Amino acid sequence: MDYSGNKTSAGQERILAETESIIRSHLSKDGLTLDLTAVYLKEYGAKDIARMEFLRPLTSLAFGTNLCGPKGVKYIAQSEVLVNLTSLNLFYNRIGNEGVKYIAVSDNLLSLQNLVITDNEITDEGASLLAKFLPLFTNLVRLDLRLNRISEEGKEVLREAQKVSNVKHLLLDKVEGFQVKS
């Protein structure tokens, strides 16, 4: 059979079906929470997730350690399906400053209350960009940027932006959030 005229080839449909199977096995029974931590779906898995209509009710996506890079984050940030997310965890995906840009300018992630982008090679450039758009994320109350490459200068820019936003918990240092009372 010749698939050359089709938009997707048989191989691509098979991969999409495999991704869907993985997603369905990690989706909560109520369809609101999806934990794909360390499944290593990479960029193309993010692309598949971003267009799976049955994920529209999703409110929590844990996509840490999937190494999706900035392009994978772009698919998630621009998804018209994932517009109900209130929690997005993207730790260790190598998104860098380019990935932060896609998050910062996204109109589809404005429902977020919790955003985790720890250990993603983000520098002062990404911190400044995020700080610029932070006030637009009116629902965001927790922003976790620990274990990135943000200097004291970049952290200060974020702290200033926090003052004109609704963010109550801004985590910038690796020890924050890990204190144990004795």
# chains A, B, ... in the order shown; residues from 1 in each chain; ligands from 1
$ residues_around --residues "region 25-37 of chain A" --least-positions-apart "4" --cutoff "6 Å" --atoms "only C-alpha atoms" --output "list in words"
Pro57, Leu58, Thr59, Ser60, Leu61, Ala62, Phe63, Gly64 and Thr65 of chain A
$ residues_around --residues "Cys68 (chain A)" --least-positions-apart "6" --cutoff "7 Å" --atoms "only C-alpha atoms" --output "compact mmCIF listing (two decimals) with C-alpha atoms, in the first residue's frame"
# COMPACT_ATOMS: atom_id res chain seq x y z
CA LYS A 42 10.98 13.47 24.14
CA GLU A 43 9.89 16.15 21.65
CA ALA A 46 5.07 16.25 23.66
CA ASN A 93 13.73 18.67 30.05
$ atom_distance --atom1 "CA of Lys155 (chain A)" --atom2 "CA of Asp124 (chain A)"
7.8 Å
$ residues_around --residues "Lys132 (chain A)" --least-positions-apart "2" --cutoff "9 Å" --atoms "only C-alpha atoms" --output "number ranges by chain"
A: 104, 127-130, 134-136, 157-158, 161
$ select_by_dssp --residues "region 40-148 of chain A" --states "helix (DSSP H, G or I)" --output "ChimeraX atom specification"
/A:42-51,53-55,69-77,96-104,124-136
$ select_by_dssp --residues "region 1-181 of chain A" --states "strand (DSSP E)" --output "ChimeraX atom specification"
/A:33-35,60-62,87-89,114-116,142-144,169-171
$ write_last_selection --atoms "N, CA and C atoms" --output "PDB file, in the first residue's frame"
ATOM      1  N   THR A  33      -5.422  14.022  35.735  1.00  0.00           N
ATOM      2  CA  THR A  33      -4.005  14.014  36.076  1.00  0.00           C
ATOM      3  C   THR A  33      -3.260  13.031  35.188  1.00  0.00           C
ATOM      4  N   LEU A  34      -2.156  13.502  34.630  1.00  0.00           N
ATOM      5  CA  LEU A  34      -1.318  12.658  33.790  1.00  0.00           C
ATOM      6  C   LEU A  34       0.113  12.763  34.286  1.00  0.00           C
ATOM      7  N   ASP A  35       0.662  11.652  34.778  1.00  0.00           N
ATOM      8  CA  ASP A  35       2.029  11.629  35.275  1.00  0.00           C
ATOM      9  C   ASP A  35       2.897  10.805  34.332  1.00  0.00           C
ATOM     10  N   SER A  60      -3.609  18.551  35.444  1.00  0.00           N
ATOM     11  CA  SER A  60      -2.256  18.381  35.976  1.00  0.00           C
ATOM     12  C   SER A  60      -1.436  17.493  35.045  1.00  0.00           C
ATOM     13  N   LEU A  61      -0.315  18.033  34.580  1.00  0.00           N
ATOM     14  CA  LEU A  61       0.588  17.286  33.712  1.00  0.00           C
ATOM     15  C   LEU A  61       1.985  17.283  34.322  1.00  0.00           C
ATOM     16  N   ALA A  62       2.449  16.089  34.675  1.00  0.00           N
ATOM     17  CA  ALA A  62       3.824  15.918  35.138  1.00  0.00           C
ATOM     18  C   ALA A  62       4.602  15.311  33.974  1.00  0.00           C
ATOM     19  N   SER A  87      -1.582  22.774  36.755  1.00  0.00           N
ATOM     20  CA  SER A  87      -0.270  22.382  37.244  1.00  0.00           C
ATOM     21  C   SER A  87       0.528  21.756  36.101  1.00  0.00           C
ATOM     22  N   LEU A  88       1.735  22.281  35.900  1.00  0.00           N
ATOM     23  CA  LEU A  88       2.607  21.785  34.843  1.00  0.00           C
ATOM     24  C   LEU A  88       4.006  21.608  35.418  1.00  0.00           C
ATOM     25  N   ASN A  89       4.487  20.367  35.384  1.00  0.00           N
ATOM     26  CA  ASN A  89       5.809  20.059  35.898  1.00  0.00           C
ATOM     27  C   ASN A  89       6.688  19.610  34.738  1.00  0.00           C
ATOM     28  N   ASN A 114       0.491  26.333  39.272  1.00  0.00           N
ATOM     29  CA  ASN A 114       1.770  25.772  39.683  1.00  0.00           C
ATOM     30  C   ASN A 114       2.596  25.461  38.429  1.00  0.00           C
ATOM     31  N   LEU A 115       3.806  26.001  38.384  1.00  0.00           N
ATOM     32  CA  LEU A 115       4.708  25.749  37.262  1.00  0.00           C
ATOM     33  C   LEU A 115       6.074  25.361  37.801  1.00  0.00           C
ATOM     34  N   VAL A 116       6.528  24.167  37.423  1.00  0.00           N
ATOM     35  CA  VAL A 116       7.830  23.662  37.852  1.00  0.00           C
ATOM     36  C   VAL A 116       8.714  23.535  36.619  1.00  0.00           C
ATOM     37  N   ARG A 142       2.580  29.440  42.421  1.00  0.00           N
ATOM     38  CA  ARG A 142       3.835  28.759  42.743  1.00  0.00           C
ATOM     39  C   ARG A 142       4.674  28.588  41.480  1.00  0.00           C
ATOM     40  N   LEU A 143       5.901  29.115  41.535  1.00  0.00           N
ATOM     41  CA  LEU A 143       6.833  29.029  40.423  1.00  0.00           C
ATOM     42  C   LEU A 143       8.153  28.474  40.942  1.00  0.00           C
ATOM     43  N   ASP A 144       8.549  27.328  40.427  1.00  0.00           N
ATOM     44  CA  ASP A 144       9.749  26.647  40.889  1.00  0.00           C
ATOM     45  C   ASP A 144      10.809  26.673  39.785  1.00  0.00           C
ATOM     46  N   HIS A 169       4.760  31.715  46.080  1.00  0.00           N
ATOM     47  CA  HIS A 169       5.902  30.838  46.309  1.00  0.00           C
ATOM     48  C   HIS A 169       6.810  30.862  45.088  1.00  0.00           C
ATOM     49  N   LEU A 170       7.908  31.584  45.212  1.00  0.00           N
ATOM     50  CA  LEU A 170       8.907  31.677  44.157  1.00  0.00           C
ATOM     51  C   LEU A 170      10.148  30.940  44.649  1.00  0.00           C
ATOM     52  N   LEU A 171      10.401  29.779  44.085  1.00  0.00           N
ATOM     53  CA  LEU A 171      11.520  28.955  44.528  1.00  0.00           C
ATOM     54  C   LEU A 171      12.680  29.110  43.555  1.00  0.00           C
TER      55      LEU A 171
END
$ atom_distance --atom1 "CA of Ile22 (chain A)" --atom2 "CA of Val39 (chain A)"
8.7 Å
